[in-house]
Amino acid sequence: KPPDLCPLSGQDKNRKLRPLYDIPYMFEAREFLRKKLIGKKVNVSVDYIRPASNATDTIPAFSERTCATVSIGGINIAEALVSKGLATVLRYRQDDDQRSAHYDELLAAEARAIKNGKGLHSKKEVPIHRVADISGDTQKAKQFLPFLQRAGRSEAVVEYVFSGSRLKLFLPKETCLITFLLAGIECPRGARNVPGLAQEGEPFSEEATLFTKELVMQREVEVEVESMDKAGNFIGWLHIEGVNLSVALVEQALSRVHFTAERSPYCKALLAAQDAAKQRKEKVWSHYEETPVEEVVPVLEEKERTANYKPVFVTEITDDLHFYVQDVETGAQLEKLMENMRAEVGAHPPVEGSFAPRRGDFCIAKFVDGEWYRARVEKVESGGKVHIFYIDYGNKETLPPTRLAPLPPAFSPRVLPPQATEYTFAFIQVPQDEEARADAVDSVVRDIQNTQCLLNVEHLGPGCPHVTLQFADSKTDVGLGLVKEGLVMVEPRKERQFQKVITEYLNAQEAAKSARLNLWRYGDFRADDADEFGYSR
């Protein structure tokens, strides 16, 4: 049987009992079973069937129950639970044959657990799980929202599935429960019992709920929180083993794409999945009829290009020609924070090896110059390799844990947000050929890394904004310079506000072609062998 229903001493009697977290060792027992069994194939051997029983003064009524031995890989799960002190063995009368076929092994396992002081039989202090349930608490959710947004992807366990797109999650790192709504989709509504009225569920709502349950229930997932609704529910993206649940529901024709998906980096994948589902005419698209396309001359929106250049300091160039910058206006704040942080670390040096890095954790890392910088753990490998991202500079590094330490709370991203912001060049196409791309990256590194430039956001794109950069002294366009040198190609755009600058870029590209510079040294390769060289026209 599971741990007993006896609240911890000192527990607030007015607070509702939450058995999973409040009963000693119940959470540990559940986690043991979840990690051992969820998604696994098991062997089930029925031992006996216990008939239904009526309620008494002390025991509630029970329906008929099938009692069985569950094993996986030759291990009896009940015996494993008992041996770890996470369950106890029921006692039977000697003439009662309705017991496990492995009853003697269970008793022996319990005797070992008692002897070794395991779990429920331990004389140590009972583990306490202080889990905050902020689902539906608008005030707490508002306070928590910025933290989850900055955290990027957070680890979570799906505790319950209410519908195809509404779930309850446990965030182990933050030790809290939240209600989570899938972003970018419109899932069929399930049946609801409103006082005085029973609302029927929309078609395929039960199928959507079942699909989500089978895919993620009690599984470890990653979530990206984007926003919250008025009821205090968080809205975002859920990933399980590389699968985006919103996209998966659309692929299965169990959901439609919501217009808010246009703003997300997953818009293209969602629309592609929806188009495929429409063609199959399945489930929510079973009555879909394709509307005839009329010849309409597109009217481009009259809009002026906004040129609002701000000073930035370029700190890092990536291999795919993205770059990270710091805002010059907040540079003094960062310098002050770094100075105070290093003084704090100097006065109270971290104990080497005391920091146990986990993905998503903020920390401080000792760079090759011997100084400490703010960082975020991206990945932890076996063998002591930790991949980190310097949040104020944009560069990445792989370090041993001995060169990492906890980030003092006084210098956390809540005090000063990460100062490195990612951008990419507007109006250009980066070469897909590795050597050609390396030439372009080398040129940009030589020209602008660790220098002050002027930046203007031209338009948003998947991943990060697309911008134009100017050299601070000459005001000449960095991207246009790359086109002139034949290191990149022009990305044609149809928006009217960009036509003047696009024309300038195309003229520069034609001049580079005529001079047979770099990409164009063998002429215009795009017509016949673009695929061979990894380019698209």
# chains A, B, ... in the order shown; residues from 1 in each chain; ligands from 1
call {"tool": "residues_around", "arguments": {"residues": "region 511-519 of chain A", "least_positions_apart": "3", "cutoff": "8 Å", "atoms": "only C-alpha atoms", "output": "ChimeraX atom specification"}}
result
/A:436,483-488,507-508,522-524
call {"tool": "write_last_selection", "arguments": {"atoms": "all heavy atoms", "output": "PDB file, in the first residue's frame"}}
result
ATOM      1  N   ALA A 436      32.406  29.870 -48.531  1.00  0.00           N
ATOM      2  CA  ALA A 436      31.916  31.203 -48.881  1.00  0.00           C
ATOM      3  C   ALA A 436      31.342  31.912 -47.654  1.00  0.00           C
ATOM      4  O   ALA A 436      31.563  33.115 -47.448  1.00  0.00           O
ATOM      5  CB  ALA A 436      30.859  31.094 -49.979  1.00  0.00           C
ATOM      6  N   VAL A 483      27.697  43.131 -49.925  1.00  0.00           N
ATOM      7  CA  VAL A 483      27.178  42.900 -51.281  1.00  0.00           C
ATOM      8  C   VAL A 483      28.174  43.411 -52.323  1.00  0.00           C
ATOM      9  O   VAL A 483      28.457  42.743 -53.322  1.00  0.00           O
ATOM     10  CB  VAL A 483      25.804  43.583 -51.451  1.00  0.00           C
ATOM     11  CG1 VAL A 483      25.323  43.439 -52.894  1.00  0.00           C
ATOM     12  CG2 VAL A 483      24.781  42.990 -50.496  1.00  0.00           C
ATOM     13  N   LYS A 484      28.732  44.616 -52.076  1.00  0.00           N
ATOM     14  CA  LYS A 484      29.688  45.216 -53.014  1.00  0.00           C
ATOM     15  C   LYS A 484      30.930  44.342 -53.189  1.00  0.00           C
ATOM     16  O   LYS A 484      31.506  44.272 -54.275  1.00  0.00           O
ATOM     17  CB  LYS A 484      30.107  46.608 -52.531  1.00  0.00           C
ATOM     18  CG  LYS A 484      29.038  47.674 -52.709  1.00  0.00           C
ATOM     19  CD  LYS A 484      29.519  49.014 -52.185  1.00  0.00           C
ATOM     20  CE  LYS A 484      28.482  50.110 -52.412  1.00  0.00           C
ATOM     21  NZ  LYS A 484      28.933  51.416 -51.874  1.00  0.00           N
ATOM     22  N   GLU A 485      31.330  43.656 -52.106  1.00  0.00           N
ATOM     23  CA  GLU A 485      32.516  42.804 -52.178  1.00  0.00           C
ATOM     24  C   GLU A 485      32.201  41.422 -52.749  1.00  0.00           C
ATOM     25  O   GLU A 485      33.098  40.580 -52.872  1.00  0.00           O
ATOM     26  CB  GLU A 485      33.133  42.649 -50.791  1.00  0.00           C
ATOM     27  CG  GLU A 485      33.728  43.939 -50.236  1.00  0.00           C
ATOM     28  CD  GLU A 485      34.225  43.760 -48.812  1.00  0.00           C
ATOM     29  OE1 GLU A 485      34.644  42.636 -48.479  1.00  0.00           O
ATOM     30  OE2 GLU A 485      34.183  44.740 -48.035  1.00  0.00           O
ATOM     31  N   GLY A 486      30.930  41.179 -53.063  1.00  0.00           N
ATOM     32  CA  GLY A 486      30.550  39.875 -53.619  1.00  0.00           C
ATOM     33  C   GLY A 486      30.588  38.760 -52.596  1.00  0.00           C
ATOM     34  O   GLY A 486      30.722  37.593 -52.964  1.00  0.00           O
ATOM     35  N   LEU A 487      30.452  39.087 -51.312  1.00  0.00           N
ATOM     36  CA  LEU A 487      30.515  38.066 -50.251  1.00  0.00           C
ATOM     37  C   LEU A 487      29.150  37.493 -49.916  1.00  0.00           C
ATOM     38  O   LEU A 487      29.046  36.408 -49.321  1.00  0.00           O
ATOM     39  CB  LEU A 487      31.152  38.662 -48.990  1.00  0.00           C
ATOM     40  CG  LEU A 487      32.633  39.017 -49.126  1.00  0.00           C
ATOM     41  CD1 LEU A 487      33.081  39.866 -47.949  1.00  0.00           C
ATOM     42  CD2 LEU A 487      33.479  37.747 -49.217  1.00  0.00           C
ATOM     43  N   VAL A 488      28.071  38.221 -50.251  1.00  0.00           N
ATOM     44  CA  VAL A 488      26.704  37.756 -49.990  1.00  0.00           C
ATOM     45  C   VAL A 488      25.837  38.140 -51.189  1.00  0.00           C
ATOM     46  O   VAL A 488      26.245  38.937 -52.040  1.00  0.00           O
ATOM     47  CB  VAL A 488      26.111  38.378 -48.705  1.00  0.00           C
ATOM     48  CG1 VAL A 488      26.881  37.951 -47.476  1.00  0.00           C
ATOM     49  CG2 VAL A 488      26.062  39.906 -48.813  1.00  0.00           C
ATOM     50  N   ASN A 507      21.906  46.993 -57.398  1.00  0.00           N
ATOM     51  CA  ASN A 507      22.905  47.654 -58.248  1.00  0.00           C
ATOM     52  C   ASN A 507      24.319  47.270 -57.815  1.00  0.00           C
ATOM     53  O   ASN A 507      25.207  47.028 -58.646  1.00  0.00           O
ATOM     54  CB  ASN A 507      22.722  49.175 -58.205  1.00  0.00           C
ATOM     55  CG  ASN A 507      21.456  49.628 -58.928  1.00  0.00           C
ATOM     56  OD1 ASN A 507      20.926  48.898 -59.768  1.00  0.00           O
ATOM     57  ND2 ASN A 507      20.966  50.811 -58.591  1.00  0.00           N
ATOM     58  N   ALA A 508      24.518  47.229 -56.485  1.00  0.00           N
ATOM     59  CA  ALA A 508      25.834  46.835 -55.957  1.00  0.00           C
ATOM     60  C   ALA A 508      26.140  45.390 -56.322  1.00  0.00           C
ATOM     61  O   ALA A 508      27.284  45.024 -56.621  1.00  0.00           O
ATOM     62  CB  ALA A 508      25.854  47.023 -54.439  1.00  0.00           C
ATOM     63  N   TYR A 522      33.143  32.966 -60.835  1.00  0.00           N
ATOM     64  CA  TYR A 522      32.914  32.101 -62.005  1.00  0.00           C
ATOM     65  C   TYR A 522      31.645  32.511 -62.749  1.00  0.00           C
ATOM     66  O   TYR A 522      31.061  31.708 -63.472  1.00  0.00           O
ATOM     67  CB  TYR A 522      32.807  30.639 -61.575  1.00  0.00           C
ATOM     68  CG  TYR A 522      34.019  30.156 -60.813  1.00  0.00           C
ATOM     69  CD1 TYR A 522      33.917  29.731 -59.501  1.00  0.00           C
ATOM     70  CD2 TYR A 522      35.280  30.143 -61.422  1.00  0.00           C
ATOM     71  CE1 TYR A 522      35.038  29.307 -58.799  1.00  0.00           C
ATOM     72  CE2 TYR A 522      36.396  29.712 -60.719  1.00  0.00           C
ATOM     73  CZ  TYR A 522      36.271  29.299 -59.417  1.00  0.00           C
ATOM     74  OH  TYR A 522      37.379  28.877 -58.711  1.00  0.00           O
ATOM     75  N   GLY A 523      31.229  33.755 -62.576  1.00  0.00           N
ATOM     76  CA  GLY A 523      30.022  34.235 -63.235  1.00  0.00           C
ATOM     77  C   GLY A 523      28.796  34.023 -62.359  1.00  0.00           C
ATOM     78  O   GLY A 523      28.899  33.729 -61.162  1.00  0.00           O
ATOM     79  N   ASP A 524      27.612  34.162 -62.939  1.00  0.00           N
ATOM     80  CA  ASP A 524      26.363  34.007 -62.202  1.00  0.00           C
ATOM     81  C   ASP A 524      26.024  32.518 -62.109  1.00  0.00           C
ATOM     82  O   ASP A 524      25.509  31.917 -63.043  1.00  0.00           O
ATOM     83  CB  ASP A 524      25.238  34.773 -62.904  1.00  0.00           C
ATOM     84  CG  ASP A 524      23.992  34.885 -62.020  1.00  0.00           C
ATOM     85  OD1 ASP A 524      23.886  34.087 -61.070  1.00  0.00           O
ATOM     86  OD2 ASP A 524      23.159  35.762 -62.275  1.00  0.00           O
TER      87      ASP A 524
END
call {"tool": "select_by_dssp", "arguments": {"residues": "region 208-439 of chain A", "states": "strand (DSSP E or B)", "output": "number ranges by chain"}}
result
A: 220-228, 234-240, 243-244, 256-257, 310-317, 322-327, 362-366, 372-381, 385-389, 396-399, 404-406, 421-425, 428-429
call {"tool": "closest_residue", "arguments": {"among": "A:Pro418, A:Ala426, A:Arg305, A:Tyr324", "to": "Phe498 (chain A)", "atoms": "only C-alpha atoms"}}
result
A:Arg305
call {"tool": "select_by_dssp", "arguments": {"residues": "region 292-468 of chain A", "states": "alpha helix (DSSP H)", "output": "VMD selection string"}}
result
chain A and resid 331 to 347 434 to 448
call {"tool": "residues_around", "arguments": {"residues": "Glu339 (chain A)", "least_positions_apart": "5", "cutoff": "12 Å", "atoms": "only C-alpha atoms", "output": "PyMOL selection string"}}
result
chain A and resi 332-334+344-346+371-374+411
call {"tool": "residues_around", "arguments": {"residues": "Leu37 (chain A)", "least_positions_apart": "5", "cutoff": "9 Å", "atoms": "only C-alpha atoms", "output": "PyMOL selection string"}}
result
chain A and resi 32+42+72
call {"tool": "write_last_selection", "arguments": {"atoms": "N, CA and C atoms", "output": "CSV table (one decimal), in the first residue's frame"}}
result
chain,number,residue,atom,x,y,z
A,32,PHE,N,9.1,7.6,-8.6
A,32,PHE,CA,9.8,6.4,-8.9
A,32,PHE,C,9.0,5.6,-10.0
A,42,VAL,N,5.3,-3.1,-20.2
A,42,VAL,CA,5.5,-3.9,-18.9
A,42,VAL,C,4.7,-5.2,-19.1
A,72,ILE,N,8.9,-5.1,-15.1
A,72,ILE,CA,9.5,-4.6,-16.2
A,72,ILE,C,11.0,-5.0,-16.2
call {"tool": "residues_around", "arguments": {"residues": "region 104-114 of chain A", "least_positions_apart": "6", "cutoff": "9 Å", "atoms": "only C-alpha atoms", "output": "PyMOL selection string"}}
result
chain A and resi 78-85+87-89+120-122
call {"tool": "closest_residue", "arguments": {"among": "A:Lys35, A:Lys41, A:Arg376, A:Arg358", "to": "Ile388 (chain A)", "atoms": "only C-alpha atoms"}}
result
A:Arg376
call {"tool": "residues_around", "arguments": {"residues": "region 186-191 of chain A", "least_positions_apart": "6", "cutoff": "12 Å", "atoms": "only C-alpha atoms", "output": "JSON, numbers by chain"}}
result
{"A": [161, 162, 163, 164, 165, 166, 197, 198, 199, 200, 201, 202, 203, 204, 205, 206, 207, 208, 209, 210, 211, 212, 245, 246, 247, 248, 249, 250, 252, 253, 254, 255, 256, 257, 258, 259, 260, 261, 270, 274, 283, 284, 285]}
call {"tool": "residues_around", "arguments": {"residues": "Arg403 (chain A)", "least_positions_apart": "4", "cutoff": "8 Å", "atoms": "only C-alpha atoms", "output": "list in words"}}
result
Glu352, Ala365, Lys366 and Leu399 of chain A
call {"tool": "atom_distance", "arguments": {"atom1": "CA of Gln499 (chain A)", "atom2": "CA of Ala307 (chain A)"}}
result
14.0 Å
call {"tool": "decode", "arguments": {"residues": "region 96-121 of chain A", "atoms": "N, CA and C atoms", "output": "PDB file, in the first residue's frame"}}
result
ATOM      1  N   ASP A  96      -6.283 -16.529   3.942  1.00  0.00           N
ATOM      2  CA  ASP A  96      -6.689 -15.643   2.836  1.00  0.00           C
ATOM      3  C   ASP A  96      -5.753 -15.857   1.647  1.00  0.00           C
ATOM      4  N   ASP A  97      -6.294 -16.472   0.583  1.00  0.00           N
ATOM      5  CA  ASP A  97      -5.472 -16.743  -0.595  1.00  0.00           C
ATOM      6  C   ASP A  97      -5.423 -15.573  -1.565  1.00  0.00           C
ATOM      7  N   GLN A  98      -6.234 -14.550  -1.321  1.00  0.00           N
ATOM      8  CA  GLN A  98      -6.252 -13.400  -2.229  1.00  0.00           C
ATOM      9  C   GLN A  98      -5.093 -12.465  -1.903  1.00  0.00           C
ATOM     10  N   ARG A  99      -3.936 -12.871  -2.377  1.00  0.00           N
ATOM     11  CA  ARG A  99      -2.721 -12.101  -2.131  1.00  0.00           C
ATOM     12  C   ARG A  99      -1.790 -12.263  -3.326  1.00  0.00           C
ATOM     13  N   SER A 100      -0.733 -11.456  -3.341  1.00  0.00           N
ATOM     14  CA  SER A 100       0.218 -11.505  -4.442  1.00  0.00           C
ATOM     15  C   SER A 100       0.913 -12.861  -4.519  1.00  0.00           C
ATOM     16  N   ALA A 101       1.184 -13.304  -5.738  1.00  0.00           N
ATOM     17  CA  ALA A 101       1.929 -14.548  -5.923  1.00  0.00           C
ATOM     18  C   ALA A 101       3.363 -14.400  -5.421  1.00  0.00           C
ATOM     19  N   HIS A 102       3.796 -13.164  -5.207  1.00  0.00           N
ATOM     20  CA  HIS A 102       5.161 -12.891  -4.740  1.00  0.00           C
ATOM     21  C   HIS A 102       5.140 -12.300  -3.333  1.00  0.00           C
ATOM     22  N   TYR A 103       4.146 -12.714  -2.525  1.00  0.00           N
ATOM     23  CA  TYR A 103       3.944 -12.129  -1.201  1.00  0.00           C
ATOM     24  C   TYR A 103       5.173 -12.300  -0.303  1.00  0.00           C
ATOM     25  N   ASP A 104       5.790 -13.460  -0.350  1.00  0.00           N
ATOM     26  CA  ASP A 104       6.960 -13.709   0.505  1.00  0.00           C
ATOM     27  C   ASP A 104       8.112 -12.782   0.114  1.00  0.00           C
ATOM     28  N   GLU A 105       8.297 -12.582  -1.193  1.00  0.00           N
ATOM     29  CA  GLU A 105       9.364 -11.668  -1.628  1.00  0.00           C
ATOM     30  C   GLU A 105       9.087 -10.234  -1.163  1.00  0.00           C
ATOM     31  N   LEU A 106       7.786  -9.848  -1.172  1.00  0.00           N
ATOM     32  CA  LEU A 106       7.424  -8.503  -0.708  1.00  0.00           C
ATOM     33  C   LEU A 106       7.747  -8.335   0.780  1.00  0.00           C
ATOM     34  N   LEU A 107       7.427  -9.364   1.583  1.00  0.00           N
ATOM     35  CA  LEU A 107       7.727  -9.300   3.022  1.00  0.00           C
ATOM     36  C   LEU A 107       9.237  -9.204   3.256  1.00  0.00           C
ATOM     37  N   ALA A 108      10.016  -9.969   2.463  1.00  0.00           N
ATOM     38  CA  ALA A 108      11.478  -9.934   2.607  1.00  0.00           C
ATOM     39  C   ALA A 108      12.023  -8.560   2.216  1.00  0.00           C
ATOM     40  N   ALA A 109      11.453  -7.971   1.179  1.00  0.00           N
ATOM     41  CA  ALA A 109      11.885  -6.636   0.747  1.00  0.00           C
ATOM     42  C   ALA A 109      11.585  -5.604   1.819  1.00  0.00           C
ATOM     43  N   GLU A 110      10.416  -5.728   2.472  1.00  0.00           N
ATOM     44  CA  GLU A 110      10.055  -4.786   3.532  1.00  0.00           C
ATOM     45  C   GLU A 110      11.002  -4.945   4.727  1.00  0.00           C
ATOM     46  N   ALA A 111      11.361  -6.176   5.047  1.00  0.00           N
ATOM     47  CA  ALA A 111      12.284  -6.416   6.167  1.00  0.00           C
ATOM     48  C   ALA A 111      13.635  -5.756   5.882  1.00  0.00           C
ATOM     49  N   ARG A 112      14.101  -5.834   4.632  1.00  0.00           N
ATOM     50  CA  ARG A 112      15.374  -5.194   4.271  1.00  0.00           C
ATOM     51  C   ARG A 112      15.264  -3.673   4.376  1.00  0.00           C
ATOM     52  N   ALA A 113      14.124  -3.136   3.938  1.00  0.00           N
ATOM     53  CA  ALA A 113      13.934  -1.681   3.983  1.00  0.00           C
ATOM     54  C   ALA A 113      13.921  -1.183   5.422  1.00  0.00           C
ATOM     55  N   ILE A 114      13.281  -1.963   6.320  1.00  0.00           N
ATOM     56  CA  ILE A 114      13.234  -1.576   7.740  1.00  0.00           C
ATOM     57  C   ILE A 114      14.637  -1.645   8.342  1.00  0.00           C
ATOM     58  N   LYS A 115      15.348  -2.717   8.029  1.00  0.00           N
ATOM     59  CA  LYS A 115      16.704  -2.894   8.574  1.00  0.00           C
ATOM     60  C   LYS A 115      17.638  -1.772   8.117  1.00  0.00           C
ATOM     61  N   ASN A 116      17.514  -1.370   6.835  1.00  0.00           N
ATOM     62  CA  ASN A 116      18.410  -0.345   6.277  1.00  0.00           C
ATOM     63  C   ASN A 116      17.883   1.082   6.458  1.00  0.00           C
ATOM     64  N   GLY A 117      16.721   1.215   7.098  1.00  0.00           N
ATOM     65  CA  GLY A 117      16.169   2.549   7.356  1.00  0.00           C
ATOM     66  C   GLY A 117      15.859   3.318   6.082  1.00  0.00           C
ATOM     67  N   LYS A 118      15.202   2.630   5.142  1.00  0.00           N
ATOM     68  CA  LYS A 118      14.883   3.255   3.856  1.00  0.00           C
ATOM     69  C   LYS A 118      13.540   3.976   3.907  1.00  0.00           C
ATOM     70  N   GLY A 119      13.456   5.131   3.295  1.00  0.00           N
ATOM     71  CA  GLY A 119      12.195   5.822   3.084  1.00  0.00           C
ATOM     72  C   GLY A 119      11.340   5.968   4.317  1.00  0.00           C
ATOM     73  N   LEU A 120      10.148   5.371   4.274  1.00  0.00           N
ATOM     74  CA  LEU A 120       9.190   5.472   5.386  1.00  0.00           C
ATOM     75  C   LEU A 120       9.756   4.962   6.704  1.00  0.00           C
ATOM     76  N   HIS A 121      10.762   4.101   6.632  1.00  0.00           N
ATOM     77  CA  HIS A 121      11.339   3.499   7.839  1.00  0.00           C
ATOM     78  C   HIS A 121      12.576   4.266   8.312  1.00  0.00           C
TER      79      HIS A 121
END
